[in-house]
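Dumped query.txt below, it's compact mmCIF, C-alpha atoms:
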# COMPACT_ATOMS: atom_id res chain seq x y z
CA MET W 1 15.64 -4.67 -4.47
CA THR W 2 15.67 -1.23 -2.94
CA GLY W 3 16.78 -1.87 0.63
CA PRO W 4 17.15 -4.58 3.22
CA PHE W 5 13.45 -4.54 4.09
CA THR W 6 11.91 -3.68 0.72
CA ILE W 7 11.85 -5.86 -2.37
CA ARG W 8 10.74 -4.58 -5.80
CA THR W 9 9.51 -6.93 -8.49
CA SER W 10 8.00 -5.99 -11.83
CA ARG W 11 4.53 -5.32 -10.36
CA LEU W 12 4.93 -5.60 -6.61
CA GLU W 13 6.62 -4.00 -3.67
CA LEU W 14 7.23 -6.30 -0.71
CA ILE W 15 7.75 -4.69 2.69
CA ALA W 16 9.11 -6.63 5.65
CA GLY W 17 6.94 -6.23 8.69
CA ASN W 18 8.22 -4.93 12.01
CA HIS W 19 6.77 -4.79 15.53
CA GLU W 20 4.84 -1.57 14.90
CA MET W 21 3.27 -3.03 11.76
CA ALA W 22 2.37 -6.28 13.53
CA GLU W 23 0.68 -4.37 16.33
CA ALA W 24 -1.16 -2.15 13.83
CA GLU W 25 -2.48 -5.13 11.89
CA MET W 26 -3.87 -6.65 15.07
CA THR W 27 -5.57 -3.44 16.20
CA GLY W 28 -6.87 -2.16 12.87
CA ILE W 29 -5.58 -2.03 9.34
CA GLN W 30 -6.14 1.71 9.01
CA ARG W 31 -2.96 2.40 11.01
CA LEU W 32 -1.05 -0.28 9.12
CA SER W 33 -2.26 1.27 5.87
CA ARG W 34 -0.64 4.57 6.88
CA LEU W 35 2.59 2.86 7.98
CA ILE W 36 3.13 1.13 4.64
CA ASN W 37 1.48 3.81 2.50
CA ALA W 38 -0.98 1.44 0.83
CA GLU W 39 -4.68 0.63 0.92
CA PHE W 40 -5.86 -2.82 1.85
CA ALA W 41 -7.88 -4.68 -0.74
CA HIS W 42 -11.43 -5.70 0.16
CA GLY W 43 -11.53 -9.02 2.00
CA TRP W 44 -8.38 -8.61 4.07
CA PRO W 45 -6.85 -10.76 5.53
CA PRO W 46 -5.96 -13.35 2.90
CA PRO W 47 -6.56 -17.08 3.42
CA GLU W 48 -4.48 -18.70 6.17
CA ASN W 49 -3.87 -15.31 7.87
CA ASP W 50 -6.19 -15.25 10.85
CA GLU W 51 -5.86 -13.84 14.38
CA ASN W 52 -3.58 -16.74 15.37
CA THR W 53 -1.18 -15.95 12.53
CA MET W 54 -1.17 -12.26 13.40
CA GLU W 55 -0.48 -13.07 17.06
CA TRP W 56 2.32 -15.47 16.05
CA PHE W 57 4.01 -12.76 13.96
CA PHE W 58 3.52 -10.11 16.67
CA THR W 59 5.09 -12.34 19.34
CA ARG W 60 8.03 -13.41 17.14
CA ILE W 61 8.96 -9.90 15.99
CA TYR W 62 8.44 -8.45 19.48
CA ASP W 63 10.70 -11.10 21.06
CA ASN W 64 13.32 -10.80 18.32
CA PRO W 65 13.29 -7.49 16.39
CA ASP W 66 16.42 -8.63 14.53
CA ALA W 67 14.27 -11.26 12.80
CA ARG W 68 12.75 -8.58 10.57
CA GLY W 69 12.83 -9.90 7.02
CA TRP W 70 12.70 -13.50 8.26
CA LEU W 71 9.04 -13.25 9.19
CA MET W 72 6.09 -11.41 7.60
CA TRP W 73 6.21 -9.42 4.35
CA TYR W 74 3.30 -7.42 2.94
CA PHE W 75 2.71 -7.71 -0.84
CA ILE W 76 1.70 -4.40 -2.41
CA LEU W 77 0.42 -4.12 -5.98
CA ASP W 78 1.67 -0.83 -7.38
CA ALA W 79 -0.52 -0.06 -10.42
CA ASN W 80 -2.22 2.99 -11.90
CA ASN W 81 -0.83 5.29 -9.19
CA LYS W 82 -2.56 3.17 -6.55
CA ARG W 83 -0.86 1.00 -3.93
CA THR W 84 -2.96 -1.93 -2.72
CA VAL W 85 -1.97 -4.69 -0.27
CA ILE W 86 -3.06 -7.93 -1.96
CA GLY W 87 -1.34 -10.56 0.16
CA ASN W 88 1.42 -11.48 2.52
CA GLY W 89 3.96 -14.15 3.21
CA GLY W 90 7.52 -14.65 4.21
CA PHE W 91 9.50 -16.99 6.37
CA MET W 92 8.96 -18.91 9.60
CA GLY W 93 12.01 -17.38 11.26
CA ILE W 94 15.75 -16.91 10.95
CA PRO W 95 17.50 -19.69 8.98
CA ASP W 96 18.68 -22.58 11.12
CA ARG W 97 22.36 -23.51 11.54
CA ASN W 98 22.22 -25.53 8.29
CA GLY W 99 20.90 -22.54 6.35
CA VAL W 100 17.38 -23.91 6.05
CA VAL W 101 14.38 -21.59 6.15
CA LYS W 102 10.66 -22.28 5.66
CA CYS W 103 8.47 -20.00 3.56
CA GLY W 104 4.80 -19.38 2.95
CA TYR W 105 2.54 -16.97 1.05
CA SER W 106 -1.11 -16.02 0.66
CA ILE W 107 -2.93 -13.84 -1.86
CA LEU W 108 -6.46 -12.46 -1.51
CA GLU W 109 -8.89 -14.61 -3.47
CA PRO W 110 -10.21 -11.87 -5.81
CA VAL W 111 -6.70 -11.29 -7.23
CA GLN W 112 -5.46 -14.89 -7.30
CA ASN W 113 -4.39 -16.52 -10.58
CA ASN W 114 -2.63 -13.38 -11.84
CA GLY W 115 0.92 -14.52 -11.05
CA TYR W 116 1.25 -12.36 -7.93
CA ALA W 117 2.12 -15.25 -5.58
CA THR W 118 4.72 -16.54 -8.05
CA GLU W 119 6.23 -13.07 -8.39
CA ALA W 120 6.23 -12.37 -4.64
CA LEU W 121 7.79 -15.75 -3.84
CA ALA W 122 10.49 -15.18 -6.47
CA GLY W 123 11.34 -11.88 -4.76
CA LEU W 124 11.51 -13.52 -1.35
CA ILE W 125 13.72 -16.31 -2.69
CA LYS W 126 16.14 -13.86 -4.25
CA TRP W 127 16.28 -11.83 -1.01
CA ALA W 128 16.86 -14.95 1.12
CA PHE W 129 19.68 -16.34 -1.03
CA ALA W 130 21.27 -12.90 -1.37
CA SER W 131 21.54 -12.75 2.45
CA GLY W 132 24.24 -15.42 2.34
CA LYS W 133 22.51 -17.18 5.26
CA VAL W 134 20.32 -19.58 3.27
CA ASN W 135 21.22 -22.86 1.59
CA THR W 136 17.73 -24.36 1.27
CA ILE W 137 14.17 -23.02 1.29
CA ILE W 138 11.33 -25.34 2.29
CA ALA W 139 7.61 -24.89 1.64
CA HIS W 140 4.58 -26.95 2.57
CA THR W 141 1.28 -26.93 0.75
CA LEU W 142 -1.92 -28.90 0.88
CA GLU W 143 -2.18 -31.99 -1.27
CA GLY W 144 -4.38 -31.13 -4.23
CA HIS W 145 -3.97 -27.36 -3.87
CA GLN W 146 -2.84 -27.11 -7.49
CA GLU W 147 -2.52 -23.31 -7.58
CA SER W 148 -0.01 -23.36 -4.72
CA ILE W 149 1.84 -26.34 -6.20
CA ASN W 150 2.13 -24.40 -9.48
CA VAL W 151 3.57 -21.36 -7.64
CA LEU W 152 6.24 -23.58 -6.10
CA LYS W 153 7.06 -25.35 -9.37
CA LYS W 154 7.33 -22.05 -11.28
CA ASN W 155 9.88 -21.01 -8.65
CA GLN W 156 11.87 -24.22 -9.20
CA PHE W 157 10.87 -25.98 -5.98
CA ASN W 158 10.95 -29.77 -6.10
CA PHE W 159 8.55 -32.14 -4.38
CA VAL W 160 10.43 -33.93 -1.59
CA GLU W 161 7.89 -35.98 0.36
CA MET W 162 4.48 -35.95 1.95
CA GLY W 163 4.42 -33.57 4.92
CA ARG W 164 4.26 -34.61 8.53
CA GLN W 165 0.76 -33.19 8.81
CA LYS W 166 -1.86 -35.30 7.07
CA GLY W 167 -2.71 -33.98 3.61
CA THR W 168 0.39 -31.78 3.23
CA MET W 169 3.27 -31.94 0.79
CA LYS W 170 6.84 -30.78 1.33
CA TYR W 171 8.73 -28.91 -1.40
CA GLU W 172 12.34 -27.77 -1.38
CA LEU W 173 14.50 -25.29 -3.26
CA PRO W 174 18.12 -26.31 -2.67
CA GLY W 175 21.41 -24.59 -3.34
CA ASN W 176 22.55 -21.01 -3.43
CA ARG W 177 20.43 -19.44 -6.18
CA LYS W 178 22.20 -16.10 -6.56
CA ASN W 179 21.15 -15.94 -10.21
CA PHE W 180 17.53 -16.83 -9.52

Represent the supplied structure as structure tokens.
Amino acid sequence: MTGPFTIRTSRLELIAGNHEMAEAEMTGIQRLSRLINAEFAHGWPPPENDENTMEWFFTRIYDNPDARGWLMWYFILDANNKRTVIGNGGFMGIPDRNGVVKCGYSILEPVQNNGYATEALAGLIKWAFASGKVNTIIAHTLEGHQESINVLKKNQFNFVEMGRQKGTMKYELPGNRKNF
């Protein structure tokens, strides 16, 4: 990790979004591209990241700028002297009073199945537990979405129960994983 709002993994740089970035994404990715010094891969945004998601992030970070890091992160592939945004993810807000936080992630389809989601999630997990504010991380995925289930399992999440929404599954990563 290189700072409170940047995470480095072996192939990725994750940058925590702020209000200016959220606004830029909603109005045109060219400005966001300049803010994070990376090009956006063809096909942006990734699955599950539509206008509603962008508006949700914008509203949350605008209402609570201190939530930076607990909301959206941009996943940048740093290869061959080229920086390309290939996905995003993060948390659904500041951990609750029990230290529970929910996470999610999405990678553009053309670059899926290369381990990027697994790597990005591992970076987010390490960052969250290192904060000292998290005891448990929860994730939901669709039943039968084997690629997402594999990402969770590779990051040591355990299946807990079927989700409240029909067709979803709840996974959990308990305990302080400082050595993750």

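From atom CA of Thr53 of chain W back to atom CA of Thr27 of chain W, the distance works out to 13.8 Å.
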
(request) Give me the residues within 10 Å of Phe157 of chain W as an NGL selection string, counting only C-alpha atoms and dropping any in the same chain fewer than 2 places off. (result) :W and (137-139 or 149-155 or 159-160 or 170-174)

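Take atom CA of Leu142 of chain W and atom CA of Ile94 of chain W: the distance between them is 23.6 Å.
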
Give the padded box for segment 133-151 of chain W as JSON: axis-aligned, covering all atoms listed in the file, 4 Å on each side, centre and edge lengths in Å to one decimal.
{"center_x": 9.1, "center_y": -24.6, "center_z": -2.1, "size_x": 34.9, "size_y": 22.8, "size_z": 22.7}

(message) Here is a test: counting only C-alpha atoms, which residue of W:Ser148, W:Thr141, W:Thr59, W:Asn80 is nearest to Ile107 of chain W?
(response) W:Ser148

Missing atoms in segment 41-62 of chain W should be modelled up to N, CA and C atoms and reported as a PDB file, keeping the file's coordinate frame.
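The result, stored in result_33.pdb:
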ATOM      1  N   ALA W  41      -6.825  -4.214   0.146  1.00  0.00           N
ATOM      2  CA  ALA W  41      -7.880  -4.680  -0.740  1.00  0.00           C
ATOM      3  C   ALA W  41      -9.030  -5.243   0.083  1.00  0.00           C
ATOM      4  N   HIS W  42     -10.233  -5.162  -0.480  1.00  0.00           N
ATOM      5  CA  HIS W  42     -11.430  -5.700   0.160  1.00  0.00           C
ATOM      6  C   HIS W  42     -11.223  -7.189   0.458  1.00  0.00           C
ATOM      7  N   GLY W  43     -11.625  -7.610   1.638  1.00  0.00           N
ATOM      8  CA  GLY W  43     -11.530  -9.020   2.000  1.00  0.00           C
ATOM      9  C   GLY W  43     -10.326  -9.369   2.842  1.00  0.00           C
ATOM     10  N   TRP W  44      -9.554  -8.345   3.247  1.00  0.00           N
ATOM     11  CA  TRP W  44      -8.380  -8.610   4.070  1.00  0.00           C
ATOM     12  C   TRP W  44      -8.828  -9.224   5.394  1.00  0.00           C
ATOM     13  N   PRO W  45      -8.133 -10.190   5.932  1.00  0.00           N
ATOM     14  CA  PRO W  45      -6.850 -10.760   5.530  1.00  0.00           C
ATOM     15  C   PRO W  45      -7.012 -11.886   4.511  1.00  0.00           C
ATOM     16  N   PRO W  46      -5.903 -12.252   3.869  1.00  0.00           N
ATOM     17  CA  PRO W  46      -5.960 -13.350   2.900  1.00  0.00           C
ATOM     18  C   PRO W  46      -6.114 -14.702   3.593  1.00  0.00           C
ATOM     19  N   PRO W  47      -6.419 -15.747   2.830  1.00  0.00           N
ATOM     20  CA  PRO W  47      -6.560 -17.080   3.420  1.00  0.00           C
ATOM     21  C   PRO W  47      -5.321 -17.468   4.235  1.00  0.00           C
ATOM     22  N   GLU W  48      -5.542 -18.203   5.282  1.00  0.00           N
ATOM     23  CA  GLU W  48      -4.480 -18.700   6.170  1.00  0.00           C
ATOM     24  C   GLU W  48      -3.856 -17.607   7.026  1.00  0.00           C
ATOM     25  N   ASN W  49      -4.423 -16.409   7.062  1.00  0.00           N
ATOM     26  CA  ASN W  49      -3.870 -15.310   7.870  1.00  0.00           C
ATOM     27  C   ASN W  49      -4.957 -14.820   8.826  1.00  0.00           C
ATOM     28  N   ASP W  50      -5.156 -15.587   9.879  1.00  0.00           N
ATOM     29  CA  ASP W  50      -6.190 -15.250  10.850  1.00  0.00           C
ATOM     30  C   ASP W  50      -5.563 -14.602  12.094  1.00  0.00           C
ATOM     31  N   GLU W  51      -6.360 -14.451  13.152  1.00  0.00           N
ATOM     32  CA  GLU W  51      -5.860 -13.840  14.380  1.00  0.00           C
ATOM     33  C   GLU W  51      -4.669 -14.602  14.963  1.00  0.00           C
ATOM     34  N   ASN W  52      -4.687 -15.927  14.849  1.00  0.00           N
ATOM     35  CA  ASN W  52      -3.580 -16.740  15.370  1.00  0.00           C
ATOM     36  C   ASN W  52      -2.274 -16.427  14.632  1.00  0.00           C
ATOM     37  N   THR W  53      -2.362 -16.278  13.321  1.00  0.00           N
ATOM     38  CA  THR W  53      -1.180 -15.950  12.530  1.00  0.00           C
ATOM     39  C   THR W  53      -0.662 -14.566  12.889  1.00  0.00           C
ATOM     40  N   MET W  54      -1.576 -13.619  13.040  1.00  0.00           N
ATOM     41  CA  MET W  54      -1.170 -12.260  13.400  1.00  0.00           C
ATOM     42  C   MET W  54      -0.502 -12.240  14.774  1.00  0.00           C
ATOM     43  N   GLU W  55      -1.059 -12.983  15.714  1.00  0.00           N
ATOM     44  CA  GLU W  55      -0.480 -13.070  17.060  1.00  0.00           C
ATOM     45  C   GLU W  55       0.897 -13.733  17.012  1.00  0.00           C
ATOM     46  N   TRP W  56       1.027 -14.781  16.204  1.00  0.00           N
ATOM     47  CA  TRP W  56       2.320 -15.470  16.050  1.00  0.00           C
ATOM     48  C   TRP W  56       3.378 -14.486  15.564  1.00  0.00           C
ATOM     49  N   PHE W  57       3.059 -13.733  14.507  1.00  0.00           N
ATOM     50  CA  PHE W  57       4.010 -12.760  13.960  1.00  0.00           C
ATOM     51  C   PHE W  57       4.334 -11.686  14.998  1.00  0.00           C
ATOM     52  N   PHE W  58       3.307 -11.154  15.658  1.00  0.00           N
ATOM     53  CA  PHE W  58       3.520 -10.110  16.670  1.00  0.00           C
ATOM     54  C   PHE W  58       4.479 -10.605  17.750  1.00  0.00           C
ATOM     55  N   THR W  59       4.243 -11.797  18.266  1.00  0.00           N
ATOM     56  CA  THR W  59       5.090 -12.340  19.340  1.00  0.00           C
ATOM     57  C   THR W  59       6.519 -12.552  18.850  1.00  0.00           C
ATOM     58  N   ARG W  60       6.681 -13.126  17.662  1.00  0.00           N
ATOM     59  CA  ARG W  60       8.030 -13.410  17.140  1.00  0.00           C
ATOM     60  C   ARG W  60       8.830 -12.126  16.914  1.00  0.00           C
ATOM     61  N   ILE W  61       8.223 -11.127  16.301  1.00  0.00           N
ATOM     62  CA  ILE W  61       8.960  -9.900  15.990  1.00  0.00           C
ATOM     63  C   ILE W  61       9.173  -9.066  17.253  1.00  0.00           C
ATOM     64  N   TYR W  62       8.270  -9.158  18.215  1.00  0.00           N
ATOM     65  CA  TYR W  62       8.440  -8.450  19.480  1.00  0.00           C
ATOM     66  C   TYR W  62       9.600  -9.060  20.273  1.00  0.00           C
TER      67      TYR W  62
END
